[in-house]
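Text of my_file-v1.pdb (PDB, C-alpha atoms and all ligand atoms) as supplied:
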```
ATOM      1  CA  MET A  19     -37.654-184.526 -33.236  1.00  0.00           C
ATOM      2  CA  THR A  20     -36.090-184.568 -29.791  1.00  0.00           C
ATOM      3  CA  ASP A  21     -32.636-185.905 -30.634  1.00  0.00           C
ATOM      4  CA  ASP A  22     -31.831-183.091 -33.088  1.00  0.00           C
ATOM      5  CA  SER A  23     -28.968-181.791 -30.949  1.00  0.00           C
ATOM      6  CA  THR A  24     -27.434-185.172 -30.088  1.00  0.00           C
ATOM      7  CA  PRO A  25     -25.078-185.493 -33.100  1.00  0.00           C
ATOM      8  CA  LEU A  26     -23.971-181.887 -32.588  1.00  0.00           C
ATOM      9  CA  GLU A  27     -23.240-182.541 -28.927  1.00  0.00           C
ATOM     10  CA  ALA A  28     -21.231-185.589 -29.946  1.00  0.00           C
ATOM     11  CA  GLU A  29     -19.203-183.460 -32.371  1.00  0.00           C
ATOM     12  CA  TYR A  30     -18.512-180.932 -29.596  1.00  0.00           C
ATOM     13  CA  ALA A  31     -17.439-183.779 -27.324  1.00  0.00           C
ATOM     14  CA  ILE A  32     -14.994-185.001 -29.994  1.00  0.00           C
ATOM     15  CA  LEU A  33     -13.627-181.467 -30.396  1.00  0.00           C
ATOM     16  CA  LYS A  34     -13.090-181.305 -26.621  1.00  0.00           C
ATOM     17  CA  GLN A  35     -11.192-184.615 -26.710  1.00  0.00           C
ATOM     18  CA  LYS A  36      -9.014-183.468 -29.590  1.00  0.00           C
ATOM     19  CA  LEU A  37      -8.219-180.192 -27.824  1.00  0.00           C
ATOM     20  CA  ALA A  38      -7.257-182.150 -24.696  1.00  0.00           C
ATOM     21  CA  THR A  39      -4.887-184.251 -26.845  1.00  0.00           C
ATOM     22  CA  LEU A  40      -3.384-181.089 -28.334  1.00  0.00           C
ATOM     23  CA  ASP A  41      -2.926-179.631 -24.822  1.00  0.00           C
ATOM     24  CA  ARG A  42      -1.133-182.809 -23.741  1.00  0.00           C
ATOM     25  CA  GLU A  43       1.175-182.774 -26.779  1.00  0.00           C
ATOM     26  CA  LEU A  44       1.977-179.068 -26.296  1.00  0.00           C
ATOM     27  CA  ALA A  45       2.865-179.772 -22.652  1.00  0.00           C
ATOM     28  CA  VAL A  46       5.145-182.635 -23.787  1.00  0.00           C
ATOM     29  CA  ARG A  47       6.813-180.283 -26.287  1.00  0.00           C
ATOM     30  CA  GLU A  48       7.364-177.613 -23.613  1.00  0.00           C
ATOM     31  CA  ALA A  49       8.765-180.185 -21.186  1.00  0.00           C
ATOM     32  CA  ALA A  50      11.139-181.516 -23.867  1.00  0.00           C
ATOM     33  CA  LYS A  51      12.310-177.973 -24.627  1.00  0.00           C
ATOM     34  CA  ALA A  52      12.961-177.306 -20.931  1.00  0.00           C
ATOM     35  CA  ALA A  53      14.804-180.636 -20.562  1.00  0.00           C
ATOM     36  CA  ALA A  54      17.005-179.868 -23.605  1.00  0.00           C
ATOM     37  CA  ASN A  55      17.783-176.438 -22.165  1.00  0.00           C
ATOM     38  CA  ASN A  56      18.717-177.978 -18.792  1.00  0.00           C
ATOM     39  CA  ALA A  57      20.960-180.504 -20.555  1.00  0.00           C
ATOM     40  CA  ALA A  58      22.691-177.683 -22.466  1.00  0.00           C
ATOM     41  CA  ARG A  59      23.304-175.715 -19.243  1.00  0.00           C
ATOM     42  CA  SER A  60      24.649-178.891 -17.651  1.00  0.00           C
ATOM     43  CA  VAL A  61      27.113-179.187 -20.560  1.00  0.00           C
ATOM     44  CA  GLY A  62      28.059-175.558 -19.929  1.00  0.00           C
ATOM     45  CA  ALA A  63      28.769-176.292 -16.259  1.00  0.00           C
ATOM     46  CA  GLN A  64      30.879-179.308 -17.215  1.00  0.00           C
ATOM     47  CA  LEU A  65      32.855-177.137 -19.666  1.00  0.00           C
ATOM     48  CA  ALA A  66      33.650-174.778 -16.795  1.00  0.00           C
ATOM     49  CA  ARG A  67      34.926-177.710 -14.684  1.00  0.00           C
ATOM     50  CA  LEU A  68      36.927-179.011 -17.658  1.00  0.00           C
ATOM     51  CA  GLY A  69      38.470-175.569 -18.075  1.00  0.00           C
ATOM     52  CA  HIS A  70      39.744-175.670 -14.510  1.00  0.00           C
ATOM     53  CA  ALA A  71      41.082-179.213 -14.892  1.00  0.00           C
ATOM     54  CA  ALA A  72      42.858-178.360 -18.171  1.00  0.00           C
ATOM     55  CA  GLU A  73      44.358-175.294 -16.592  1.00  0.00           C
ATOM     56  CA  LEU A  74      45.574-177.264 -13.556  1.00  0.00           C
ATOM     57  CA  ALA A  75      47.115-179.819 -15.908  1.00  0.00           C
ATOM     58  CA  GLY A  76      48.683-177.033 -17.936  1.00  0.00           C
ATOM     59  CA  VAL A  77      46.983-178.257 -21.098  1.00  0.00           C
ATOM     60  CA  ARG A  78      44.989-176.202 -23.568  1.00  0.00           C
ATOM     61  CA  PHE A  79      41.339-177.111 -24.123  1.00  0.00           C
ATOM     62  CA  ASP A  80      40.905-179.404 -27.139  1.00  0.00           C
ATOM     63  CA  ASN A  81      40.127-177.203 -30.169  1.00  0.00           C
ATOM     64  CA  GLU A  82      38.491-180.114 -31.951  1.00  0.00           C
ATOM     65  CA  VAL A  83      35.971-180.412 -29.098  1.00  0.00           C
ATOM     66  CA  ALA A  84      35.440-176.645 -29.236  1.00  0.00           C
ATOM     67  CA  ARG A  85      34.812-176.919 -32.977  1.00  0.00           C
ATOM     68  CA  ARG A  86      32.185-179.648 -32.497  1.00  0.00           C
ATOM     69  CA  LEU A  87      30.498-177.749 -29.691  1.00  0.00           C
ATOM     70  CA  TYR A  88      30.420-174.576 -31.725  1.00  0.00           C
ATOM     71  CA  TRP A  89      29.047-175.999 -34.958  1.00  0.00           C
ATOM     72  CA  SER A  90      26.982-178.989 -33.880  1.00  0.00           C
ATOM     73  CA  TYR A  91      25.433-177.748 -30.640  1.00  0.00           C
ATOM     74  CA  PRO A  92      23.919-174.279 -31.098  1.00  0.00           C
ATOM     75  CA  ASP A  93      22.110-174.774 -27.754  1.00  0.00           C
ATOM     76  CA  VAL A  94      25.461-174.502 -25.980  1.00  0.00           C
ATOM     77  CA  HIS A  95      26.242-170.787 -25.571  1.00  0.00           C
ATOM     78  CA  VAL A  96      29.391-169.344 -27.150  1.00  0.00           C
ATOM     79  CA  ALA A  97      30.305-167.967 -23.721  1.00  0.00           C
ATOM     80  CA  GLU A  98      30.164-171.513 -22.311  1.00  0.00           C
ATOM     81  CA  ILE A  99      32.522-172.714 -25.070  1.00  0.00           C
ATOM     82  CA  ALA A 100      34.826-169.720 -24.555  1.00  0.00           C
ATOM     83  CA  ASN A 101      35.095-170.520 -20.843  1.00  0.00           C
ATOM     84  CA  PRO A 102      37.387-173.614 -20.961  1.00  0.00           C
ATOM     85  CA  MET A 103      39.255-172.167 -23.971  1.00  0.00           C
ATOM     86  CA  ARG A 104      40.251-169.234 -21.751  1.00  0.00           C
ATOM     87  CA  VAL A 105      39.409-166.772 -24.519  1.00  0.00           C
ATOM     88  CA  HIS A 106      36.876-163.974 -24.811  1.00  0.00           C
ATOM     89  CA  GLU A 107      33.487-164.931 -26.268  1.00  0.00           C
ATOM     90  CA  GLY A 108      34.203-162.802 -29.363  1.00  0.00           C
ATOM     91  CA  GLN A 109      37.422-164.717 -30.092  1.00  0.00           C
ATOM     92  CA  VAL A 110      35.917-168.218 -30.201  1.00  0.00           C
ATOM     93  CA  SER A 111      35.154-168.070 -33.953  1.00  0.00           C
ATOM     94  CA  ARG A 112      38.906-167.780 -34.673  1.00  0.00           C
ATOM     95  CA  TYR A 113      39.505-171.267 -33.279  1.00  0.00           C
ATOM     96  CA  VAL A 114      36.591-173.267 -34.579  1.00  0.00           C
ATOM     97  CA  GLY A 115      37.222-173.225 -38.345  1.00  0.00           C
ATOM     98  CA  THR A 116      34.487-173.460 -40.960  1.00  0.00           C
ATOM     99  CA  GLY A 117      31.060-174.962 -40.473  1.00  0.00           C
ATOM    100  CA  GLU A 118      31.667-178.323 -42.102  1.00  0.00           C
ATOM    101  CA  ALA A 119      30.566-181.201 -39.940  1.00  0.00           C
ATOM    102  CA  GLU A 120      30.008-184.862 -40.622  1.00  0.00           C
ATOM    103  CA  LYS A 121      26.973-186.184 -38.766  1.00  0.00           C
ATOM    104  CA  PRO A 122      25.422-189.626 -38.454  1.00  0.00           C
ATOM    105  CA  CYS A 123      22.040-190.028 -40.166  1.00  0.00           C
ATOM    106  CA  SER A 124      19.287-189.620 -37.548  1.00  0.00           C
ATOM    107  CA  ASN A 125      17.694-192.833 -38.789  1.00  0.00           C
ATOM    108  CA  GLU A 126      20.774-194.670 -37.467  1.00  0.00           C
ATOM    109  CA  CYS A 127      21.270-196.383 -40.806  1.00  0.00           C
ATOM    110  CA  GLY A 128      25.048-196.071 -40.452  1.00  0.00           C
ATOM    111  CA  ARG A 129      25.453-193.556 -43.274  1.00  0.00           C
ATOM    112  CA  THR A 130      26.675-190.013 -42.643  1.00  0.00           C
ATOM    113  CA  ILE A 131      25.655-186.596 -43.912  1.00  0.00           C
ATOM    114  CA  VAL A 132      27.708-183.427 -44.185  1.00  0.00           C
ATOM    115  CA  TRP A 133      26.506-180.156 -42.737  1.00  0.00           C
ATOM    116  CA  HIS A 134      27.586-176.903 -44.391  1.00  0.00           C
ATOM    117  CA  MET A 135      26.950-174.039 -41.983  1.00  0.00           C
ATOM    118  CA  ARG A 136      27.615-170.353 -42.497  1.00  0.00           C
ATOM    119  CA  ASN A 137      26.695-169.540 -38.889  1.00  0.00           C
ATOM    120  CA  ARG A 138      25.655-171.388 -35.748  1.00  0.00           C
ATOM    121  CA  THR A 139      21.929-171.075 -36.232  1.00  0.00           C
ATOM    122  CA  ASP A 140      22.337-172.842 -39.595  1.00  0.00           C
ATOM    123  CA  ALA A 141      22.597-176.068 -37.576  1.00  0.00           C
ATOM    124  CA  HIS A 142      18.828-175.955 -37.158  1.00  0.00           C
ATOM    125  CA  ARG A 143      18.400-175.945 -40.954  1.00  0.00           C
ATOM    126  CA  GLN A 144      20.757-178.818 -41.767  1.00  0.00           C
ATOM    127  CA  PRO A 145      19.551-182.206 -43.012  1.00  0.00           C
ATOM    128  CA  ARG A 146      18.894-184.864 -40.355  1.00  0.00           C
ATOM    129  CA  TYR A 147      18.696-187.815 -42.704  1.00  0.00           C
ATOM    130  CA  CYS A 148      20.829-189.186 -45.507  1.00  0.00           C
ATOM    131  CA  ASP A 149      19.353-189.032 -49.035  1.00  0.00           C
ATOM    132  CA  GLU A 150      18.103-192.636 -48.905  1.00  0.00           C
ATOM    133  CA  CYS A 151      16.371-192.274 -45.520  1.00  0.00           C
ATOM    134  CA  GLN A 152      14.964-188.866 -46.490  1.00  0.00           C
ATOM    135  CA  ALA A 153      13.457-190.351 -49.665  1.00  0.00           C
ATOM    136  CA  MET A 154      11.934-193.154 -47.564  1.00  0.00           C
ATOM    137  CA  ARG A 155      10.450-190.651 -45.103  1.00  0.00           C
ATOM    138  CA  ASP A 156       9.054-188.503 -47.926  1.00  0.00           C
ATOM    139  CA  ALA A 157       7.429-191.558 -49.508  1.00  0.00           C
ATOM    140  CA  ARG A 158       5.910-192.598 -46.164  1.00  0.00           C
ATOM    141  CA  ARG A 159       4.597-189.073 -45.554  1.00  0.00           C
ATOM    142  CA  GLU A 160       3.012-189.013 -49.013  1.00  0.00           C
ATOM    143  CA  GLN A 161       1.458-192.419 -48.284  1.00  0.00           C
ATOM    144  CA  ASP A 162       0.080-191.092 -44.961  1.00  0.00           C
ATOM    145  CA  ARG A 163      -1.326-188.039 -46.756  1.00  0.00           C
ATOM    146  CA  LEU A 164      -3.083-190.215 -49.336  1.00  0.00           C
ATOM    147  CA  GLU A 165      -4.560-192.446 -46.628  1.00  0.00           C
ATOM    148  CA  TRP A 166      -5.709-189.414 -44.659  1.00  0.00           C
ATOM    149  CA  THR A 167      -7.339-187.894 -47.756  1.00  0.00           C
ATOM    150  CA  ALA A 168      -9.075-191.189 -48.536  1.00  0.00           C
ATOM    151  CA  ARG A 169     -10.377-191.363 -44.953  1.00  0.00           C
ATOM    152  CA  GLU A 170     -11.609-187.759 -45.138  1.00  0.00           C
ATOM    153  CA  ASP A 171     -13.353-188.457 -48.457  1.00  0.00           C
ATOM    154  CA  ALA A 172     -15.016-191.564 -47.041  1.00  0.00           C
ATOM    155  CA  GLU A 173     -16.239-189.624 -44.001  1.00  0.00           C
ATOM    156  CA  HIS A 174     -17.541-186.865 -46.238  1.00  0.00           C
ATOM    157  CA  ARG A 175     -19.404-189.378 -48.422  1.00  0.00           C
ATOM    158  CA  ALA A 176     -20.869-191.010 -45.310  1.00  0.00           C
ATOM    159  CA  THR A 177     -22.081-187.618 -44.034  1.00  0.00           C
ATOM    160  CA  VAL A 178     -23.676-186.852 -47.393  1.00  0.00           C
ATOM    161  CA  GLU A 179     -25.401-190.258 -47.313  1.00  0.00           C
ATOM    162  CA  VAL A 180     -26.785-189.544 -43.831  1.00  0.00           C
ATOM    163  CA  LEU A 181     -28.108-186.171 -44.995  1.00  0.00           C
ATOM    164  CA  ARG A 182     -29.615-187.659 -48.139  1.00  0.00           C
ATOM    165  CA  ALA A 183     -31.337-190.407 -46.132  1.00  0.00           C
ATOM    166  CA  ALA A 184     -32.691-187.776 -43.736  1.00  0.00           C
ATOM    167  CA  VAL A 185     -34.100-185.674 -46.597  1.00  0.00           C
ATOM    168  CA  GLU A 186     -35.605-188.735 -48.255  1.00  0.00           C
ATOM    169  CA  GLY A 187     -37.063-189.661 -44.871  1.00  0.00           C
ATOM    170  CA  GLY A 188     -38.934-186.374 -44.839  1.00  0.00           C
ATOM    171  CA  VAL A 189     -36.668-184.283 -42.618  1.00  0.00           C
ATOM    172  CA  GLN A 190     -36.974-180.599 -43.499  1.00  0.00           C
ATOM    173  CA  ILE A 191     -33.584-179.033 -44.127  1.00  0.00           C
ATOM    174  CA  ARG A 192     -33.564-175.482 -42.863  1.00  0.00           C
ATOM    175  CA  ARG A 193     -32.085-172.916 -45.229  1.00  0.00           C
ATOM    176  CA  TYR A 194     -30.479-169.645 -44.268  1.00  0.00           C
ATOM    177  CA  ALA A 195     -29.484-166.539 -46.188  1.00  0.00           C
ATOM    178  CA  ASP A 196     -27.738-163.208 -45.719  1.00  0.00           C
ATOM    179  CA  PHE A 197     -29.097-160.070 -47.343  1.00  0.00           C
ATOM    180  CA  PRO A 198     -26.769-157.205 -48.350  1.00  0.00           C
ATOM    181  CA  GLY A 199     -27.133-154.273 -45.994  1.00  0.00           C
ATOM    182  CA  VAL A 200     -29.323-156.240 -43.568  1.00  0.00           C
ATOM    183  CA  PRO A 201     -27.759-157.480 -40.344  1.00  0.00           C
ATOM    184  CA  HIS A 202     -28.029-161.141 -39.204  1.00  0.00           C
ATOM    185  CA  THR A 203     -28.580-164.384 -41.049  1.00  0.00           C
ATOM    186  CA  TRP A 204     -32.212-165.243 -41.761  1.00  0.00           C
ATOM    187  CA  GLU A 205     -33.977-168.531 -42.012  1.00  0.00           C
ATOM    188  CA  ILE A 206     -35.712-168.634 -45.409  1.00  0.00           C
ATOM    189  CA  ASP A 207     -38.409-170.718 -47.064  1.00  0.00           C
ATOM    190  CA  GLU A 208     -38.075-172.726 -50.269  1.00  0.00           C
ATOM    191  CA  ASN A 209     -38.571-169.530 -52.315  1.00  0.00           C
ATOM    192  CA  GLY A 210     -35.800-167.674 -50.521  1.00  0.00           C
ATOM    193  CA  VAL A 211     -38.261-165.510 -48.556  1.00  0.00           C
ATOM    194  CA  PRO A 212     -37.244-164.964 -44.925  1.00  0.00           C
ATOM    195  CA  LEU A 213     -39.714-166.781 -42.659  1.00  0.00           C
ATOM    196  CA  ALA A 214     -39.956-163.698 -40.469  1.00  0.00           C
ATOM    197  CA  LEU A 215     -41.311-161.689 -43.461  1.00  0.00           C
ATOM    198  CA  ARG A 216     -43.541-164.467 -44.760  1.00  0.00           C
ATOM    199  CA  ASP A 217     -45.596-164.374 -41.600  1.00  0.00           C
ATOM    200  CA  GLU A 218     -46.287-160.686 -42.160  1.00  0.00           C
ATOM    201  CA  ARG A 219     -47.441-160.954 -45.753  1.00  0.00           C
TER     202      ARG A 219
HETATM  203 ZN    ZN B 301      20.053-192.810 -43.325  1.00  0.00          ZN
END
```

Could you write out this file's structure as structure tokens?
Amino acid sequence: MTDDSTPLEAEYAILKQKLATLDRELAVREAAKAAANNAARSVGAQLARLGHAAELAGVRFDNEVARRLYWSYPDVHVAEIANPMRVHEGQVSRYVGTGEAEKPCSNECGRTIVWHMRNRTDAHRQPRYCDECQAMRDARREQDRLEWTAREDAEHRATVEVLRAAVEGGVQIRRYADFPGVPHTWEIDENGVPLALRDER
């Protein structure tokens, strides 16, 4: 048979495609991370300008804004928040209260959720969706998982059918075995005897 390697080559080609997709998605993720970081630094620069303006106006920086920045935007550095407040970085926590924040549900359903944070990095662990939207998302994810499993099962059954048809069509399935203490994997005959040995008997 001359086309023995064709299906294998096709599988390698699919792997190559899927890796290219993964590379693209990773690049998108990196770009998004860099863009978010740039946006955070831009906020920091604006805070510095605001600090100057507040000082010129003889007005203290809005503590409520400082509180939101501190608890809801961990990407904004404490030093950047301290800047317009005209306090030392280590003093910011005195002005920003406890980590209770009301946030809109990320699904934009109009409902709100409450974040309870013990420290700034807790913001990354807070819920993004209200209970209703979260339940909906969980249900959809479970549905996706079931569909994926069904698709995998169908593909597996199809592969088994192809193999069965090949065997029934007279294709010899090669069998391989490892032997304890003997290096390499050996092609064996129907009795489990390595072909390399059989020739010598
Ligand atoms: Zn919601």

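When all atoms listed in the file are used to measure the gap to Glu150 of chain A, the shortest distance among A:Ser124, A:Arg136, A:Glu98, A:Glu170 belongs to A:Ser124.
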
Practice prompt. Select, from A:Asn125, A:Glu165, A:Ile206, A:Val200, the residue with the minimum atom-to-atom distance to ligand ZN 301 (chain B), counting all atoms listed in the file.
Written response: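 Once distances to ligand ZN 301 (chain B) are computed over all atoms listed in the file, the minimum belongs to A:Asn125.
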
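The residues caught by the PyMOL selection byres (((not hetatm)) within 6 of (chain B and resi 301)) in this file are A:Cys123, A:Asn125, A:Cys127, A:Arg129, A:Tyr147, A:Cys148, A:Glu150, A:Cys151.
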
Practice prompt. Specify as a ChimeraX atom specification each residue included when the PyMOL selection byres (((chain A and resi 120) around 9) and not hetatm) is applied to this file.
Written response: /A:118-119,121-122,130-133

Fill in: Spatial neighbours of Gly62 of chain A, 10 Å, only C-alpha atoms, chain gap at least 5 places, as a PyMOL selection string
chain A and resi 56-57+67-68+93-99+101-102

Fill in: Near-Gly117 of chain A list (12 Å; all atoms listed in the file; drop same-chain fewer than 4 positions) as a ChimeraX atom specification
/A:85-92,111,113,132-141,144

Worksheet entry | Interatomic distance (Å, one decimal) between atom CA of Val114 of chain A and atom CA of Glu82 of chain A |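 That distance, rounded to one decimal, is 7.6 Å.
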
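One finds atom CA of Arg104 of chain A at 14.0 Å from atom CA of Val83 of chain A.
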
Item to complete: For atom CA of Val46 of chain A and atom CA of Met154 of chain A, determine how far apart the two atoms are, in Å to one decimal place.
Response: 26.9 Å

Item to complete: Might you spell out which residues the PyMOL selection byres (((chain A and resi 79) around 7) and not hetatm) would select in the displayed file, as a list in words?
Response: Gly69, Ala72, Val77, Arg78, Asp80, Asn81, Pro102 and Met103 of chain A

Discussion item. Taking only C-alpha atoms into account, name the residue in A:Asp149, A:Glu208, A:Thr116, A:Thr177 that is nearest to Ile191 of chain A.
Written reply: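 For Ile191 of chain A, the nearest of the given residues is A:Glu208.
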